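Note sheet for the following structure.
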Amino acid sequence: MNTTLLLQCLLNGLCMGLNYALMALGLTLIFGMMHVVNFAHGEFFMLGGFCLFYLYGQLGINFFLAFMLTILILGLFGQLLERVVFRPITGQIRPQIIATLGVSLVLINMGYVVFGLKSKSVPSVIPGVTQILGTYIAKERIMAMVFSLILMGLLYYVLQRTKIGRAMRAVQQNAEAAALQGVNINRINSLGWGLATALAAAGGALLAPIFSIHPSMGYRPVCLAFVIVIIGGLGSIPGAFFGALIIGLVESFVGTLFGSEFAWGSIFLLAVLVILLRPKGLFKGYV
Amino acid sequence: MKERNCSRLIWSGFLALMLAICPLFVGQAKGEVKYLKYGVVTPLSGSAAPWGITHKRAVELACEDINNKGGFTAGGQTYKWQPSVFDSKYDVKEARTAIERLATRDGCKYMNILGTALVLGSEDVLKANNVMVLGNVYGGKKFTNPDHPLWFRICLTTKERPMAFYPWLKKKEGVKSVALITQDTEGGAVSLIEGKVAARAADIEVVAEERFEMGTTDFYPLLTRALAKKPDMIDTTLAAGDEPALLTKQARELGFKGIMYIGTLTDPKGFVKGATAAYAEGAYMAGLVVELTTEIQKRFKKLYVDKYGEKAWNPDAFEYANAVYFVTEAISKANTLDTSKVAKTLGAMEFETFSGKGRFGGKSIYGINRQLVIPDYLAVFHNGKAVQAAVVSTPAGY
């Protein structure tokens with residue numbers, strides 16, 4: 001294996017890892033704040049892809065505007081879901097699990113009805129390829145990496161530097177204590193849902209021009225997101241970020257060095273090892 | 001009074017019974033047309049849906065066409081087709097449920113199934129019910145062998161196609177090495193073996209063999225690995241739906257400048273959309289009929305476009321519709337619905353297909369004549385459009 005190939009693996013892994021991070025961050029945010037294991041998270045990813053397809057691919061709205069609108073629309077949709085479906089069953093684990101499964105099934109099947117059965121292609125935003133030290137990467141993938149980093153930077157800023165972010169972290173650590181300090185739990189939960197949904201939608205929207213979109217496209221990313229939050233530690237924001245990078249890189253290196261059929265196996269093996277050796281995850285405790 | 005009521009009851013019962021059985025006699029007396037189920041088990045959702053949607057439309061249209069011409073006769077009875085389509089989701093369990101329902105509840109004896117594993121997963125049901133299987137399947141000898149006399153492979157596969165096209169591509173494009181990339185499925189595994197045999201026969205070196213899980217969208221790791229071996233050509237042997245387009249796009253993004261050969265026919269418009277016209281440039285696609293040269297091709301396309309619209313046209317339709325016509329011909333010729341007799345007739349007869357004269361051959365390879373043998377088409381993409389590159393005869397030995 002030469003340096004170019006290693007570098008190519010690294011680039012491939014980083015690109016996918018950063019996208020997985022958007023998914024995993026949303027998933028861990030919802031779990032951290034509301035202790036909801038959200039099986040419908042992959043469907044938010046799918047809706048993000050389709051929203052961009054219609055806004056950018058069909059209506060011809062500028063990509064960046066369409067991307068922002070996608071985030072906004074899905075963010076509001078997440079808040080609506082929280083208000084209508086999840087708030088009435090706050091704190092009830094089993095109903096919450098059934099509800100997320102139900103939402104997932106409804107969204108996938110509605111996706112088939114509304115968006116059709118065939119995969120759809122989103123037109124290229126920045127066609128072409130760029131060469132970095134002998135390696136090749138599509139400009140769209142670089143764009144997706146940059147956008148993912150910007151979104152994660154914004155999330156970090158919101159969580160660490162704003163009053164709302166502090167309230168979110170307080171709810172994540174101890175909801176009752178936060179409520180006693182005057183934090184409006186319902187409002188913060190609603191914001192958390194909106195943020196998490198928007199992040200997943202952003203992931204789907206960024207990958208839409210790179211791959212193709214179909215109603216069941218969220219299945220694979222959500223599976224990976226669950227593995228990531230297990231590796232990183234359920235509820236841990238840095239854990240989701242670094243866990244996603246680890247998964248992206250493992251997938252890329254194992255897929256390239258040993259073949260694609262070993263990539264998923266190695267990812268789940270890693271998850272099993274983490275569960276056995278460090279059950280709380282590699283970054284649990286870092287909120 | 002009681003006696004009168006009893007008498008009324010008896011007469012009413014008799015009348016009801018007569019009314020119930022009357023249509024049977026009337027129907028038989030007038031030679032009423034009977035409907036025969038033509039089962040279709042195909043993916044109508046998921047990544048392989050583009051195959052299934054065209055499959056469904058083509059079969060329904062072919063049945064309608066035959067029915068409009070008055071149907072067909074067997075044993076003095078006139079029949080018309082009644083297509084019964086189920087979504088397999090390209091999943092063995094889903095397909096088995098559909099096949100069981102068709103075979104045991106609906107008494108369907110003629111089934112067109114897409115996907116090797118889907119047929120093999122229901123082998124017991126199909127055999128127990130003497131179902132004639134018309135398979136749009138690969139799977140080599142696992143599907144086609146003397147133990148399956150009622151199973152017909154109605155498409156050309158990754159065995160026949162590279163045997164026909166590799167020598168052509170070697171001569172035309174100077175291909176010396178190939179990377180075989182396929183789905184990690186039953187059919188995919190067989191297609192790798194067959195690709196290697198065809199490459200060896202054409203004196204082309206196989207430098208990479210890669211498998212991917214169905215539904216994969218990011219092929220960068222797999223392609224990085226394959227391209228490191230510097231192949232002259234990539235053969236996406238068995239890839240469904242948008243997979244060939246994504247493989248082509250991503251291979252070009254990673255700097256591959258060689259020949260892309262799409263070994264399995266897929267929707268050409270979807271392919272160009274998914275891969276983009278720039279990256280689809282120069283890619284070859286096996287089995288793609290672009291220039292319609294015969295009257296039956298033109299007629300069927302017109303029927304299809306009239307019913308589903310120009311946008312929905314997919315040349316895959318020829319492959320799926322073929323079987324409806326030649327099975328109908330075989331039933332009429334055998335003059336019975338008995339699938340064993342129809343199979344025997346079909347295995348020995350010559351018939352007209354959209355690609356020209358067809359027959360079932362392959363005995364020297366599979367041990368039984370159950371592989372469709374027809375001239376095959378190759379297309380190449382230029383400026384986002386498919387152009388006919390060649391029509392190649394069946395390789396020797398069939």
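In the structure tokens, chains take letters A, B, ... by order of appearance, with residues numbered from 1 within each chain and ligands from 1 in the order shown.
Summary of the local environment: counting only C-alpha atoms, residues at most 12 Å from Thr353 (chain B), other than itself and those fewer than 4 positions away along its chain, are B:Ile154, B:Cys155, B:Thr294, B:Glu295, B:Ile296, B:Gln297, B:Phe300, B:Phe318, B:Glu319, B:Tyr320, B:Ala321, B:Asn322, B:Ala323, B:Val324, B:Tyr325, B:Phe326, B:Val327, B:Glu329, B:Lys357, B:Gly358, B:Arg359, B:Phe360, B:Leu372, B:Val373, B:Ile374, B:Pro375, B:Asp376.
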Write down as number ranges by chain the residues belonging to region 241-345 of chain B that are assigned strand (DSSP E or B) by DSSP computed on the backbone.
B: 259-262, 284-286
Mind dumping the selected residues with C-alpha atoms as a PDB file, in the first residue's frame?
ATOM      1  CA  ILE B 259     -13.889   1.320 -20.200  1.00  0.00           C
ATOM      2  CA  MET B 260     -17.031   1.088 -18.073  1.00  0.00           C
ATOM      3  CA  TYR B 261     -19.028  -1.975 -19.045  1.00  0.00           C
ATOM      4  CA  ILE B 262     -22.470  -2.240 -17.445  1.00  0.00           C
ATOM      5  CA  TYR B 284     -21.104   0.365 -22.612  1.00  0.00           C
ATOM      6  CA  MET B 285     -24.343  -1.272 -21.546  1.00  0.00           C
ATOM      7  CA  ALA B 286     -25.141  -4.891 -22.331  1.00  0.00           C
TER       8      ALA B 286
END
Contacts of region 15-30 of chain A within 6 Å, only C-alpha atoms, excl. fewer than 3 positions in-chain, as a PyMOL selection string
chain A and resi 12+33-34+145+196+199-200+203+225+234-235+240-241+244-245+248
Near region 175-184 of chain B, counting only C-alpha atoms, which residues have an atom at most 7 Å away, once you skip same-chain residues fewer than 4 positions from it, shown as a PyMOL selection string?
chain B and resi 169-170+188-189+192+204-214+226+231-239
So which residues touch Phe258 (chain A) within 12 Å, counting only C-alpha atoms, skipping near sequence neighbours fewer than 2 positions away, as a PDB file with all heavy atoms, in the first residue's frame?
ATOM      1  N   MET A   1       0.840  -1.209   0.000  1.00  0.00           N
ATOM      2  CA  MET A   1       0.000   0.000   0.000  1.00  0.00           C
ATOM      3  C   MET A   1       0.876   1.261   0.000  1.00  0.00           C
ATOM      4  O   MET A   1       1.746   1.409   0.847  1.00  0.00           O
ATOM      5  CB  MET A   1      -0.910   0.003   1.232  1.00  0.00           C
ATOM      6  CG  MET A   1      -1.647   1.310   1.395  1.00  0.00           C
ATOM      7  SD  MET A   1      -2.956   1.253   2.581  1.00  0.00           S
ATOM      8  CE  MET A   1      -4.372   1.006   1.553  1.00  0.00           C
ATOM      9  N   VAL A 250     -12.663   3.672   9.669  1.00  0.00           N
ATOM     10  CA  VAL A 250     -12.619   2.192   9.686  1.00  0.00           C
ATOM     11  C   VAL A 250     -13.281   1.648   8.422  1.00  0.00           C
ATOM     12  O   VAL A 250     -12.739   0.767   7.750  1.00  0.00           O
ATOM     13  CB  VAL A 250     -13.323   1.634  10.958  1.00  0.00           C
ATOM     14  CG1 VAL A 250     -13.582   0.134  10.840  1.00  0.00           C
ATOM     15  CG2 VAL A 250     -12.486   1.918  12.193  1.00  0.00           C
ATOM     16  N   GLU A 251     -14.440   2.209   8.095  1.00  0.00           N
ATOM     17  CA  GLU A 251     -15.164   1.762   6.902  1.00  0.00           C
ATOM     18  C   GLU A 251     -14.304   1.942   5.652  1.00  0.00           C
ATOM     19  O   GLU A 251     -14.205   1.050   4.810  1.00  0.00           O
ATOM     20  CB  GLU A 251     -16.458   2.574   6.769  1.00  0.00           C
ATOM     21  CG  GLU A 251     -17.411   2.019   5.730  1.00  0.00           C
ATOM     22  CD  GLU A 251     -18.647   2.889   5.552  1.00  0.00           C
ATOM     23  OE1 GLU A 251     -18.558   4.115   5.739  1.00  0.00           O
ATOM     24  OE2 GLU A 251     -19.698   2.338   5.212  1.00  0.00           O
ATOM     25  N   SER A 252     -13.659   3.086   5.568  1.00  0.00           N
ATOM     26  CA  SER A 252     -12.854   3.371   4.381  1.00  0.00           C
ATOM     27  C   SER A 252     -11.603   2.482   4.318  1.00  0.00           C
ATOM     28  O   SER A 252     -11.332   1.862   3.294  1.00  0.00           O
ATOM     29  CB  SER A 252     -12.449   4.846   4.401  1.00  0.00           C
ATOM     30  OG  SER A 252     -11.538   5.093   3.375  1.00  0.00           O
ATOM     31  N   PHE A 253     -10.859   2.410   5.421  1.00  0.00           N
ATOM     32  CA  PHE A 253      -9.603   1.638   5.405  1.00  0.00           C
ATOM     33  C   PHE A 253      -9.869   0.144   5.247  1.00  0.00           C
ATOM     34  O   PHE A 253      -9.225  -0.515   4.443  1.00  0.00           O
ATOM     35  CB  PHE A 253      -8.777   1.920   6.671  1.00  0.00           C
ATOM     36  CG  PHE A 253      -7.933   3.157   6.538  1.00  0.00           C
ATOM     37  CD1 PHE A 253      -8.404   4.382   6.959  1.00  0.00           C
ATOM     38  CD2 PHE A 253      -6.669   3.107   5.955  1.00  0.00           C
ATOM     39  CE1 PHE A 253      -7.639   5.539   6.812  1.00  0.00           C
ATOM     40  CE2 PHE A 253      -5.898   4.261   5.799  1.00  0.00           C
ATOM     41  CZ  PHE A 253      -6.387   5.482   6.237  1.00  0.00           C
ATOM     42  N   VAL A 254     -10.819  -0.379   6.020  1.00  0.00           N
ATOM     43  CA  VAL A 254     -11.109  -1.823   5.918  1.00  0.00           C
ATOM     44  C   VAL A 254     -11.682  -2.143   4.539  1.00  0.00           C
ATOM     45  O   VAL A 254     -11.274  -3.126   3.909  1.00  0.00           O
ATOM     46  CB  VAL A 254     -12.073  -2.283   7.043  1.00  0.00           C
ATOM     47  CG1 VAL A 254     -12.486  -3.733   6.848  1.00  0.00           C
ATOM     48  CG2 VAL A 254     -11.421  -2.114   8.398  1.00  0.00           C
ATOM     49  N   GLY A 255     -12.588  -1.282   4.056  1.00  0.00           N
ATOM     50  CA  GLY A 255     -13.184  -1.493   2.738  1.00  0.00           C
ATOM     51  C   GLY A 255     -12.137  -1.494   1.640  1.00  0.00           C
ATOM     52  O   GLY A 255     -12.210  -2.271   0.693  1.00  0.00           O
ATOM     53  N   THR A 256     -11.167  -0.624   1.763  1.00  0.00           N
ATOM     54  CA  THR A 256     -10.129  -0.533   0.726  1.00  0.00           C
ATOM     55  C   THR A 256      -9.092  -1.640   0.882  1.00  0.00           C
ATOM     56  O   THR A 256      -8.679  -2.256  -0.104  1.00  0.00           O
ATOM     57  CB  THR A 256      -9.447   0.849   0.796  1.00  0.00           C
ATOM     58  OG1 THR A 256     -10.463   1.852   0.748  1.00  0.00           O
ATOM     59  CG2 THR A 256      -8.493   1.046  -0.371  1.00  0.00           C
ATOM     60  N   SER A 260     -15.029  -4.555   0.627  1.00  0.00           N
ATOM     61  CA  SER A 260     -16.242  -3.944   1.196  1.00  0.00           C
ATOM     62  C   SER A 260     -17.017  -4.882   2.106  1.00  0.00           C
ATOM     63  O   SER A 260     -17.662  -4.454   3.054  1.00  0.00           O
ATOM     64  CB  SER A 260     -17.165  -3.496   0.077  1.00  0.00           C
ATOM     65  OG  SER A 260     -16.668  -2.331  -0.480  1.00  0.00           O
ATOM     66  N   GLU A 261     -16.951  -6.186   1.785  1.00  0.00           N
ATOM     67  CA  GLU A 261     -17.741  -7.141   2.577  1.00  0.00           C
ATOM     68  C   GLU A 261     -17.272  -7.210   4.025  1.00  0.00           C
ATOM     69  O   GLU A 261     -18.002  -7.670   4.905  1.00  0.00           O
ATOM     70  CB  GLU A 261     -17.757  -8.526   1.929  1.00  0.00           C
ATOM     71  CG  GLU A 261     -16.417  -9.200   1.726  1.00  0.00           C
ATOM     72  CD  GLU A 261     -15.823  -8.964   0.345  1.00  0.00           C
ATOM     73  OE1 GLU A 261     -15.867  -7.800  -0.109  1.00  0.00           O
ATOM     74  OE2 GLU A 261     -15.299  -9.907  -0.241  1.00  0.00           O
ATOM     75  N   PHE A 262     -16.032  -6.730   4.282  1.00  0.00           N
ATOM     76  CA  PHE A 262     -15.519  -6.767   5.656  1.00  0.00           C
ATOM     77  C   PHE A 262     -15.778  -5.460   6.414  1.00  0.00           C
ATOM     78  O   PHE A 262     -15.587  -5.401   7.619  1.00  0.00           O
ATOM     79  CB  PHE A 262     -14.012  -7.049   5.662  1.00  0.00           C
ATOM     80  CG  PHE A 262     -13.677  -8.412   5.112  1.00  0.00           C
ATOM     81  CD1 PHE A 262     -13.186  -8.554   3.827  1.00  0.00           C
ATOM     82  CD2 PHE A 262     -13.868  -9.551   5.880  1.00  0.00           C
ATOM     83  CE1 PHE A 262     -12.896  -9.800   3.308  1.00  0.00           C
ATOM     84  CE2 PHE A 262     -13.581 -10.801   5.364  1.00  0.00           C
ATOM     85  CZ  PHE A 262     -13.096 -10.926   4.076  1.00  0.00           C
ATOM     86  N   ALA A 263     -16.148  -4.414   5.690  1.00  0.00           N
ATOM     87  CA  ALA A 263     -16.267  -3.095   6.316  1.00  0.00           C
ATOM     88  C   ALA A 263     -17.331  -3.070   7.417  1.00  0.00           C
ATOM     89  O   ALA A 263     -17.042  -2.675   8.556  1.00  0.00           O
ATOM     90  CB  ALA A 263     -16.574  -2.044   5.254  1.00  0.00           C
ATOM     91  N   TRP A 264     -18.539  -3.531   7.082  1.00  0.00           N
ATOM     92  CA  TRP A 264     -19.618  -3.508   8.079  1.00  0.00           C
ATOM     93  C   TRP A 264     -19.296  -4.429   9.239  1.00  0.00           C
ATOM     94  O   TRP A 264     -19.531  -4.096  10.390  1.00  0.00           O
ATOM     95  CB  TRP A 264     -20.947  -3.907   7.418  1.00  0.00           C
ATOM     96  CG  TRP A 264     -21.704  -2.712   6.979  1.00  0.00           C
ATOM     97  CD1 TRP A 264     -21.286  -1.816   6.054  1.00  0.00           C
ATOM     98  CD2 TRP A 264     -22.959  -2.251   7.456  1.00  0.00           C
ATOM     99  NE1 TRP A 264     -22.221  -0.829   5.917  1.00  0.00           N
ATOM    100  CE2 TRP A 264     -23.260  -1.062   6.751  1.00  0.00           C
ATOM    101  CE3 TRP A 264     -23.879  -2.717   8.401  1.00  0.00           C
ATOM    102  CZ2 TRP A 264     -24.425  -0.340   6.967  1.00  0.00           C
ATOM    103  CZ3 TRP A 264     -25.044  -1.993   8.605  1.00  0.00           C
ATOM    104  CH2 TRP A 264     -25.312  -0.822   7.903  1.00  0.00           C
ATOM    105  N   GLY A 265     -18.753  -5.580   8.915  1.00  0.00           N
ATOM    106  CA  GLY A 265     -18.393  -6.540   9.960  1.00  0.00           C
ATOM    107  C   GLY A 265     -17.434  -5.925  10.955  1.00  0.00           C
ATOM    108  O   GLY A 265     -17.597  -6.048  12.177  1.00  0.00           O
ATOM    109  N   SER A 266     -16.433  -5.211  10.434  1.00  0.00           N
ATOM    110  CA  SER A 266     -15.426  -4.630  11.322  1.00  0.00           C
ATOM    111  C   SER A 266     -16.032  -3.515  12.179  1.00  0.00           C
ATOM    112  O   SER A 266     -15.651  -3.340  13.338  1.00  0.00           O
ATOM    113  CB  SER A 266     -14.244  -4.103  10.516  1.00  0.00           C
ATOM    114  OG  SER A 266     -14.696  -3.128   9.614  1.00  0.00           O
TER     115      SER A 266
ATOM    116  N   GLU B 209     -11.636  -8.457  -8.075  1.00  0.00           N
ATOM    117  CA  GLU B 209     -13.008  -8.972  -7.906  1.00  0.00           C
ATOM    118  C   GLU B 209     -13.563  -8.345  -6.643  1.00  0.00           C
ATOM    119  O   GLU B 209     -13.004  -8.534  -5.574  1.00  0.00           O
ATOM    120  CB  GLU B 209     -12.995 -10.489  -7.692  1.00  0.00           C
ATOM    121  CG  GLU B 209     -12.481 -11.291  -8.837  1.00  0.00           C
ATOM    122  CD  GLU B 209     -12.220 -12.726  -8.408  1.00  0.00           C
ATOM    123  OE1 GLU B 209     -13.017 -13.282  -7.634  1.00  0.00           O
ATOM    124  OE2 GLU B 209     -11.181 -13.263  -8.826  1.00  0.00           O
ATOM    125  N   GLU B 210     -14.598  -7.577  -6.773  1.00  0.00           N
ATOM    126  CA  GLU B 210     -15.151  -6.879  -5.608  1.00  0.00           C
ATOM    127  C   GLU B 210     -16.643  -7.148  -5.463  1.00  0.00           C
ATOM    128  O   GLU B 210     -17.364  -7.239  -6.455  1.00  0.00           O
ATOM    129  CB  GLU B 210     -14.938  -5.368  -5.742  1.00  0.00           C
ATOM    130  CG  GLU B 210     -13.488  -4.940  -5.807  1.00  0.00           C
ATOM    131  CD  GLU B 210     -12.704  -5.220  -4.539  1.00  0.00           C
ATOM    132  OE1 GLU B 210     -13.322  -5.301  -3.461  1.00  0.00           O
ATOM    133  OE2 GLU B 210     -11.474  -5.379  -4.636  1.00  0.00           O
ATOM    134  N   ARG B 211     -17.083  -7.250  -4.224  1.00  0.00           N
ATOM    135  CA  ARG B 211     -18.515  -7.425  -3.943  1.00  0.00           C
ATOM    136  C   ARG B 211     -18.978  -6.289  -3.054  1.00  0.00           C
ATOM    137  O   ARG B 211     -18.220  -5.811  -2.224  1.00  0.00           O
ATOM    138  CB  ARG B 211     -18.753  -8.718  -3.169  1.00  0.00           C
ATOM    139  CG  ARG B 211     -18.423  -9.964  -3.909  1.00  0.00           C
ATOM    140  CD  ARG B 211     -18.525 -11.075  -2.918  1.00  0.00           C
ATOM    141  NE  ARG B 211     -18.050 -12.321  -3.471  1.00  0.00           N
ATOM    142  CZ  ARG B 211     -18.572 -13.481  -3.162  1.00  0.00           C
ATOM    143  NH1 ARG B 211     -19.553 -13.562  -2.308  1.00  0.00           N
ATOM    144  NH2 ARG B 211     -18.088 -14.581  -3.674  1.00  0.00           N
ATOM    145  N   PRO B 221     -14.453   3.346  -1.259  1.00  0.00           N
ATOM    146  CA  PRO B 221     -13.469   2.371  -0.744  1.00  0.00           C
ATOM    147  C   PRO B 221     -13.277   1.196  -1.703  1.00  0.00           C
ATOM    148  O   PRO B 221     -12.142   0.810  -1.996  1.00  0.00           O
ATOM    149  CB  PRO B 221     -14.093   1.908   0.580  1.00  0.00           C
ATOM    150  CG  PRO B 221     -14.996   2.999   0.986  1.00  0.00           C
ATOM    151  CD  PRO B 221     -15.535   3.567  -0.287  1.00  0.00           C
ATOM    152  N   LEU B 222     -14.371   0.662  -2.188  1.00  0.00           N
ATOM    153  CA  LEU B 222     -14.314  -0.490  -3.093  1.00  0.00           C
ATOM    154  C   LEU B 222     -13.592  -0.121  -4.390  1.00  0.00           C
ATOM    155  O   LEU B 222     -12.729  -0.863  -4.879  1.00  0.00           O
ATOM    156  CB  LEU B 222     -15.754  -0.915  -3.363  1.00  0.00           C
ATOM    157  CG  LEU B 222     -16.063  -2.024  -4.346  1.00  0.00           C
ATOM    158  CD1 LEU B 222     -17.341  -2.712  -3.902  1.00  0.00           C
ATOM    159  CD2 LEU B 222     -16.267  -1.510  -5.738  1.00  0.00           C
ATOM    160  N   THR B 224     -11.512   2.437  -4.882  1.00  0.00           N
ATOM    161  CA  THR B 224     -10.110   2.771  -4.612  1.00  0.00           C
ATOM    162  C   THR B 224      -9.283   1.497  -4.644  1.00  0.00           C
ATOM    163  O   THR B 224      -8.191   1.444  -5.210  1.00  0.00           O
ATOM    164  CB  THR B 224      -9.987   3.450  -3.226  1.00  0.00           C
ATOM    165  OG1 THR B 224     -10.833   4.592  -3.204  1.00  0.00           O
ATOM    166  CG2 THR B 224      -8.557   3.868  -2.923  1.00  0.00           C
ATOM    167  N   ARG B 225      -9.839   0.451  -4.034  1.00  0.00           N
ATOM    168  CA  ARG B 225      -9.151  -0.850  -3.983  1.00  0.00           C
ATOM    169  C   ARG B 225      -9.030  -1.444  -5.398  1.00  0.00           C
ATOM    170  O   ARG B 225      -7.963  -1.900  -5.801  1.00  0.00           O
ATOM    171  CB  ARG B 225     -10.002  -1.773  -3.092  1.00  0.00           C
ATOM    172  CG  ARG B 225      -9.469  -3.124  -2.860  1.00  0.00           C
ATOM    173  CD  ARG B 225     -10.465  -3.816  -1.915  1.00  0.00           C
ATOM    174  NE  ARG B 225     -10.384  -5.247  -2.039  1.00  0.00           N
ATOM    175  CZ  ARG B 225      -9.532  -5.999  -1.399  1.00  0.00           C
ATOM    176  NH1 ARG B 225      -8.655  -5.443  -0.583  1.00  0.00           N
ATOM    177  NH2 ARG B 225      -9.520  -7.295  -1.556  1.00  0.00           N
ATOM    178  N   ALA B 226     -10.118  -1.391  -6.158  1.00  0.00           N
ATOM    179  CA  ALA B 226     -10.104  -1.980  -7.508  1.00  0.00           C
ATOM    180  C   ALA B 226      -9.202  -1.188  -8.449  1.00  0.00           C
ATOM    181  O   ALA B 226      -8.440  -1.768  -9.227  1.00  0.00           O
ATOM    182  CB  ALA B 226     -11.526  -2.035  -8.058  1.00  0.00           C
TER     183      ALA B 226
END
